[in-house]
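Source file: upload-v5.csv. Holds: CSV, C-alpha atoms.
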chain,number,residue,atom,x,y,z
K,1,MET,CA,23.8,64.6,90.0
K,2,SER,CA,27.0,66.5,89.4
K,3,GLY,CA,28.8,66.6,86.1
K,4,ARG,CA,31.8,64.9,87.6
K,5,THR,CA,29.7,62.1,88.9
K,6,LEU,CA,28.0,61.7,85.5
K,7,ALA,CA,31.4,61.6,83.8
K,8,GLY,CA,32.5,58.9,86.2
K,9,LEU,CA,29.5,56.8,85.4
K,10,VAL,CA,30.1,57.1,81.7
K,11,VAL,CA,33.7,56.0,82.2
K,12,LEU,CA,32.6,53.1,84.4
K,13,ALA,CA,30.0,52.1,81.8
K,14,SER,CA,32.7,52.1,79.1
K,15,ILE,CA,35.0,49.9,81.2
K,16,LEU,CA,32.2,47.5,81.9
K,17,ALA,CA,31.3,47.4,78.2
K,18,THR,CA,34.9,46.7,77.3
K,19,HIS,CA,35.1,44.0,80.0
K,20,ALA,CA,31.9,42.4,78.7
K,21,ALA,CA,33.2,42.4,75.2
K,22,ALA,CA,36.4,40.7,76.4
K,23,LEU,CA,34.4,38.1,78.2
K,24,LYS,CA,32.4,37.5,75.1
K,25,ALA,CA,35.5,37.1,73.0
K,26,ALA,CA,37.0,34.6,75.5
K,27,GLU,CA,34.4,31.9,74.6
K,28,MET,CA,35.2,28.2,74.3
K,29,VAL,CA,34.9,26.9,70.7
K,30,ILE,CA,35.5,23.7,68.8
K,31,VAL,CA,37.3,24.2,65.5
K,32,THR,CA,36.9,21.3,63.1
K,33,GLU,CA,39.7,21.0,60.5
K,34,LYS,CA,39.1,20.3,56.8
K,35,ASP,CA,39.3,16.5,57.1
K,36,GLY,CA,36.4,16.6,59.6
K,37,LYS,CA,38.3,14.4,62.0
K,38,LYS,CA,40.8,16.6,63.8
K,39,LYS,CA,39.4,19.2,66.2
K,40,VAL,CA,40.9,21.9,68.3
K,41,ILE,CA,39.1,22.7,71.5
K,42,GLY,CA,39.8,25.8,73.5
K,43,GLU,CA,39.4,29.5,74.2
K,44,LEU,CA,38.8,31.7,71.2
K,45,VAL,CA,41.7,34.2,71.4
K,46,SER,CA,41.3,36.1,68.2
K,47,ALA,CA,40.0,35.8,64.6
K,48,ASP,CA,40.5,37.8,61.5
K,49,GLY,CA,40.2,37.2,57.7
K,50,ASP,CA,43.3,35.0,57.7
K,51,LYS,CA,43.2,32.8,60.7
K,52,VAL,CA,41.6,31.8,64.0
K,53,VAL,CA,43.7,31.6,67.2
K,54,VAL,CA,42.6,29.1,69.9
K,55,LYS,CA,44.2,28.4,73.2
K,56,PRO,CA,43.6,24.8,74.4
K,57,GLU,CA,43.7,24.3,78.2
K,58,ASP,CA,47.3,24.2,79.5
K,59,GLU,CA,48.7,24.5,76.0
K,60,GLU,CA,50.2,27.2,73.8
K,61,ASN,CA,48.0,29.1,71.3
K,62,VAL,CA,47.1,27.3,68.1
K,63,GLU,CA,46.8,29.2,64.9
K,64,LEU,CA,44.5,27.8,62.2
K,65,LYS,CA,44.2,29.2,58.7
K,66,TRP,CA,40.7,29.5,57.3
K,67,SER,CA,41.8,27.4,54.4
K,68,ASP,CA,42.3,24.5,56.9
K,69,ILE,CA,39.1,25.0,58.7
K,70,GLN,CA,35.8,23.2,58.0
K,71,LYS,CA,33.7,24.9,60.7
K,72,VAL,CA,33.8,26.7,64.1
K,73,SER,CA,31.3,25.6,66.7
K,74,ASN,CA,29.9,29.1,67.4
K,75,GLY,CA,29.1,29.7,63.7
K,76,LEU,CA,32.0,32.0,63.0
K,77,THR,CA,32.9,32.3,59.4
K,78,GLN,CA,35.8,33.9,57.5
K,79,VAL,CA,33.6,36.7,56.2
K,80,VAL,CA,32.2,37.5,59.7
K,81,ALA,CA,35.7,37.3,61.3
K,82,ALA,CA,37.1,39.8,58.7
K,83,GLN,CA,34.2,42.2,59.3
K,84,ARG,CA,34.6,42.1,63.0
K,85,TRP,CA,38.3,42.7,62.7
K,86,LYS,CA,37.8,45.7,60.6
K,87,ALA,CA,35.2,47.1,63.0
K,88,LEU,CA,37.5,46.7,66.0
K,89,ASN,CA,40.5,48.2,64.1
K,90,ALA,CA,38.7,51.0,62.3
K,91,ASP,CA,41.6,53.4,63.1
K,92,LYS,CA,44.1,51.0,61.5
K,93,VAL,CA,42.2,50.0,58.4
K,94,CYS,CA,43.7,51.0,55.0
K,95,PRO,CA,41.7,53.9,53.6
K,96,THR,CA,42.0,52.7,50.0
K,97,CYS,CA,40.8,49.0,50.3
K,98,HIS,CA,39.0,49.5,53.6
K,99,GLY,CA,40.8,46.4,55.0
K,100,ASP,CA,39.9,44.1,52.1
K,101,ARG,CA,43.5,44.0,50.9
K,102,VAL,CA,42.4,44.1,47.3
K,103,ILE,CA,40.7,46.7,45.0
K,104,ALA,CA,38.8,46.5,41.7
K,105,CYS,CA,41.2,46.1,38.8
K,106,PRO,CA,41.6,49.5,37.2
K,107,LYS,CA,42.1,47.9,33.7
K,108,CYS,CA,38.9,45.9,33.6
K,109,GLY,CA,36.9,47.8,36.2
K,110,GLY,CA,36.5,44.7,38.3
K,111,THR,CA,34.9,42.5,35.7
K,112,GLY,CA,37.9,40.2,35.2
K,113,LYS,CA,37.3,40.4,31.5
K,114,ASP,CA,39.1,42.3,28.7
K,115,ALA,CA,36.6,44.6,27.0
K,116,VAL,CA,38.6,44.4,23.7
K,117,ALA,CA,40.3,41.1,23.5
K,118,LYS,CA,38.2,38.1,22.5
K,119,ALA,CA,38.6,34.3,23.0
K,120,LEU,CA,36.9,31.3,21.5
K,121,CYS,CA,33.9,30.3,23.5
K,122,LYS,CA,34.8,27.0,25.4
K,123,ASN,CA,31.3,26.1,26.1
K,124,CYS,CA,30.4,25.6,22.5
K,125,ASN,CA,33.9,25.3,21.0
K,126,GLY,CA,33.2,28.3,18.8
K,127,THR,CA,30.2,26.9,17.1
K,128,GLY,CA,27.7,29.2,18.7
K,129,GLN,CA,25.4,26.3,19.5
K,130,ALA,CA,25.1,24.0,22.5
K,131,LYS,CA,23.3,20.7,23.2
K,132,CYS,CA,19.6,21.0,23.9
K,133,THR,CA,19.0,21.2,27.6
K,134,VAL,CA,15.7,19.3,27.6
K,135,LYS,CA,16.4,16.1,29.5
K,136,SER,CA,14.4,13.8,27.3
K,137,CYS,CA,15.6,15.3,24.0
K,138,VAL,CA,17.7,12.9,21.9
K,139,ASN,CA,18.8,14.3,18.6
K,140,GLY,CA,15.9,16.8,18.6
K,141,MET,CA,13.2,14.2,19.4
K,142,CYS,CA,11.4,13.8,22.8
K,143,ASP,CA,8.9,11.3,24.1
K,144,CYS,CA,5.4,11.9,23.0
K,145,PRO,CA,3.4,13.6,25.8
K,146,GLY,CA,0.3,11.7,24.9
K,147,GLN,CA,-1.0,8.5,26.5
K,148,CYS,CA,0.3,6.1,23.9
K,149,LEU,CA,2.3,3.0,24.7
K,150,LYS,CA,6.0,3.9,25.1
K,151,LEU,CA,8.9,1.7,26.3
K,152,SER,CA,9.9,4.6,28.6
K,153,GLU,CA,6.7,4.4,30.5
K,154,GLY,CA,5.1,1.5,32.5
K,155,ASN,CA,6.4,-2.0,33.3
K,156,TRP,CA,7.5,-4.1,30.3
K,157,GLU,CA,8.4,-7.8,30.5
K,158,PHE,CA,9.6,-10.2,27.9
K,159,GLY,CA,7.0,-12.8,27.0
K,160,GLN,CA,5.6,-14.5,23.9
K,161,GLU,CA,7.4,-14.3,20.6
K,162,ASP,CA,10.4,-12.9,22.7
K,163,LEU,CA,8.7,-9.5,22.7
K,164,ARG,CA,8.2,-7.0,25.5
K,165,TRP,CA,4.7,-6.9,26.9
K,166,ARG,CA,2.9,-4.4,29.1
K,167,LYS,CA,0.1,-5.6,31.3
K,168,PHE,CA,-3.1,-3.7,32.1
K,169,THR,CA,-5.1,-5.0,35.0
K,170,TYR,CA,-8.8,-4.7,35.8
K,171,PRO,CA,-11.1,-6.2,38.4
K,172,GLY,CA,-11.2,-9.9,37.7
K,173,GLY,CA,-8.5,-10.1,35.1
K,174,TRP,CA,-5.9,-8.4,32.9
K,175,ALA,CA,-4.9,-7.8,29.3
K,176,SER,CA,-1.6,-7.1,27.7
K,177,TRP,CA,-0.2,-5.5,24.6
K,178,SER,CA,3.3,-6.1,23.0
K,179,GLU,CA,5.8,-3.6,21.7
K,180,ARG,CA,4.2,-4.1,18.3
K,181,HIS,CA,1.5,-1.7,19.6
K,182,LEU,CA,3.9,1.1,20.5
K,183,GLY,CA,2.4,4.5,19.6
K,184,GLN,CA,-1.2,3.2,20.2
K,185,ILE,CA,-3.4,4.4,23.0
K,186,ILE,CA,-4.7,2.0,25.6
K,187,ALA,CA,-7.5,3.5,27.5
K,188,TYR,CA,-10.0,2.1,30.1
K,189,GLU,CA,-13.6,1.9,29.0
K,190,ASP,CA,-16.3,0.4,31.4
K,191,GLY,CA,-13.4,-0.6,33.7
K,192,LYS,CA,-11.5,-2.6,31.1
K,193,PRO,CA,-8.4,-1.6,28.9
K,194,VAL,CA,-9.3,-1.0,25.2
K,195,ASN,CA,-7.0,-0.2,22.3
K,196,LYS,CA,-8.1,3.1,20.9
K,197,GLY,CA,-5.7,3.1,17.9
K,198,VAL,CA,-2.8,5.3,16.8
K,199,CYS,CA,-1.9,8.3,18.9
K,200,PRO,CA,-2.8,11.5,17.0
K,201,GLN,CA,0.0,13.5,18.6
K,202,CYS,CA,3.0,11.3,17.4
K,203,ASN,CA,1.2,9.3,14.6
K,204,GLY,CA,2.3,6.1,16.3
K,205,THR,CA,6.1,7.0,16.4
K,206,THR,CA,6.1,7.6,20.2
K,207,LYS,CA,8.3,10.7,19.5
K,208,ILE,CA,7.7,14.3,18.7
K,209,LYS,CA,10.0,17.2,17.8
K,210,CYS,CA,11.5,18.9,20.9
K,211,LEU,CA,9.7,22.2,21.4
K,212,LEU,CA,12.8,23.9,22.6
K,213,CYS,CA,15.3,23.1,19.8
K,214,THR,CA,12.5,22.4,17.2
K,215,GLY,CA,14.0,19.0,16.3
K,216,SER,CA,17.6,20.2,15.7
K,217,GLY,CA,19.0,18.9,19.0
K,218,LYS,CA,20.9,22.2,19.4
K,219,ILE,CA,20.1,25.6,21.0
K,220,VAL,CA,21.9,28.9,21.0
K,221,CYS,CA,24.9,28.7,23.3
K,222,PRO,CA,23.9,30.3,26.6
K,223,VAL,CA,27.5,31.6,27.3
K,224,CYS,CA,28.4,33.4,24.0
K,225,LEU,CA,24.7,33.8,22.9
K,226,GLY,CA,25.6,32.5,19.5
K,227,SER,CA,28.5,34.9,18.9
K,228,LYS,CA,31.1,32.1,19.1
K,229,GLU,CA,33.4,34.3,21.1
K,230,VAL,CA,33.6,35.6,24.7
K,231,ALA,CA,35.6,38.3,26.3
K,232,ALA,CA,39.1,37.2,27.2
K,233,ALA,CA,40.3,37.1,30.8
K,234,CYS,CA,42.0,40.3,32.0
K,235,ALA,CA,45.7,40.0,31.7
K,236,VAL,CA,46.3,42.2,34.8
K,237,CYS,CA,44.1,40.8,37.5
K,238,GLN,CA,42.6,37.7,39.1
K,239,ASN,CA,38.8,37.7,38.9
K,240,GLY,CA,38.7,41.5,38.7
K,241,LYS,CA,40.8,42.1,41.8
K,242,VAL,CA,44.4,43.4,42.3
K,243,THR,CA,46.5,43.9,45.5
K,244,CYS,CA,45.8,47.2,47.1
K,245,PRO,CA,48.7,49.6,46.1
K,246,THR,CA,48.4,51.6,49.3
K,247,CYS,CA,48.8,48.8,51.9
K,248,LYS,CA,50.5,46.3,49.7
K,249,GLY,CA,47.9,43.7,50.6
K,250,THR,CA,48.1,44.0,54.4
K,251,GLY,CA,44.7,45.7,54.9
K,252,VAL,CA,46.2,48.2,57.3
K,253,LYS,CA,47.5,51.7,57.0
K,254,PRO,CA,51.1,51.8,55.8
Show me this structure written as structure tokens.
Amino acid sequence: MSGRTLAGLVVLASILATHAAALKAAEMVIVTEKDGKKKVIGELVSADGDKVVVKPEDEENVELKWSDIQKVSNGLTQVVAAQRWKALNADKVCPTCHGDRVIACPKCGGTGKDAVAKALCKNCNGTGQAKCTVKSCVNGMCDCPGQCLKLSEGNWEFGQEDLRWRKFTYPGGWASWSERHLGQIIAYEDGKPVNKGVCPQCNGTTKIKCLLCTGSGKIVCPVCLGSKEVAAACAVCQNGKVTCPTCKGTGVKP
């Protein structure tokens, strides 16, 4: 095979690849808008980090901002669209922000926080403490983990003496204990429920000190770690990012 023929085949392969890519881009999609009701159906013309352009049949192109889009039927997302755009326009992409349009804030190093200035911790209102995160903890006390009678466990029904009663069944019958026996252990022996006396874990109170907050109801604030202060927001940027000074936020070479 001559060099000229080989070169021709390479060019042909490149043309075919370009044509295949074009065909792939010209796929039909359904773009569902934010409200989930309105949909735009048509040929996917283009997509980048800002918008999606669709051409419905016999109509003009329709531009939809990503902020107005709920989903695209082919799974395309704003992140993927932006990445594809940058890959296809590598020669145009801004060398500073690489097409992202923003760069890390030079003042805070991209943290979004001022390393010097401090602000009162909003999570704990400057106390350094937060409410205990154990779900059952109330003012530092939790339900006893033992098997004693507790109003928070089992089925209780109002009955004699206008008290709440809990029924324990067994083959051929049942027995019940009122709320006067809270904190006592009812266990089955020989198939029947028997009162075994006061629970040794809670001494009949049905409550024990929370193991996490040790009975205080408070824990060290997970945000400021007890320091009562957190780093203030950077006064220069938004979440650690600033507009690229080279492309002025366009993402392309000036």
Please measure the separation of atom CA of K:Cys221 and atom CA of K:Lys131, giving the value in Å to one decimal.
->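 Computed distance, atom CA of K:Cys221 to atom CA of K:Lys131, equals 8.2 Å.
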Contacts of K:Ala82 within 10 Å, all atoms listed in the file, excl. fewer than 2 positions in-chain, as number ranges by chain | K: 47-51, 77-80, 84-87, 99-100
Considering only C-alpha atoms, return as a list of chain:residue names whatever protein or nucleic-acid residues lie within 9 Å of K:Gly128, sequence-local ones (same chain, fewer than 6 positions apart) excluded.
->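 That gives K:Cys121, K:Ile219, K:Val220, K:Cys221, K:Pro222, K:Val223, K:Cys224, K:Leu225, K:Gly226, K:Ser227, K:Lys228, K:Glu229.
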Write out as CSV the residues of stretch 110-134 of chain K that have any atom within 12 Å of an atom of stretch 140-145 of chain K, one row each with the nearest atom pair and its distance in Å to one decimal, counting all atoms listed in the file, sorted by chain and then rising number.
residue,atom,partner,partner_atom,distance
K:Lys131,CA,K:Gly140,CA,9.5
K:Cys132,CA,K:Gly140,CA,7.7
K:Thr133,CA,K:Gly140,CA,10.5
K:Val134,CA,K:Cys142,CA,8.5
Could you state the separation of atom CA of K:Glu33 and atom CA of K:Val53 in Å, given to one decimal place?
-> 13.2 Å
List the spatial neighbours of K:Glu63 as a short mmCIF file (atom, residue, chain, number, x, y, z; two decimals) with C-alpha atoms, in the coordinates of the input - criterion: any atom at most 9 Å away, all atoms listed in the file, same-chain residues fewer than 2 positions off excluded.
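Result saved to around_33.cif:
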data_model
loop_
_atom_site.label_atom_id
_atom_site.label_comp_id
_atom_site.auth_asym_id
_atom_site.auth_seq_id
_atom_site.Cartn_x
_atom_site.Cartn_y
_atom_site.Cartn_z
CA LYS K 51 43.20 32.80 60.70
CA VAL K 52 41.60 31.80 64.00
CA VAL K 53 43.70 31.60 67.20
CA VAL K 54 42.60 29.10 69.90
CA LYS K 55 44.20 28.40 73.20
CA ASN K 61 48.00 29.10 71.30
CA LYS K 65 44.20 29.20 58.70
#
To one decimal in Å, tell me the separation between atom CA of K:Gln184 and atom CA of K:Glu157.
->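 So the answer is 17.9 Å.
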Counting only C-alpha atoms, what is within 9 Å of stretch 232-247 of chain K, bar same-chain residues fewer than 2 positions away, as a ChimeraX atom specification?
-> /K:94-97,99-120,229-230,249-254
Hey, which of K:Leu64, K:Leu182, K:Val194, K:Val138 ends up closest to K:Trp156? Count all atoms listed in the file.
->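 Once distances to K:Trp156 are computed over all atoms listed in the file, the minimum belongs to K:Leu182.
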Selected residue of minimal separation from K:Lys218 among K:Ile186, K:Val40, K:Ala81, K:Cys137, counting all atoms listed in the file |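 Smallest distance to K:Lys218 is found for K:Cys137.
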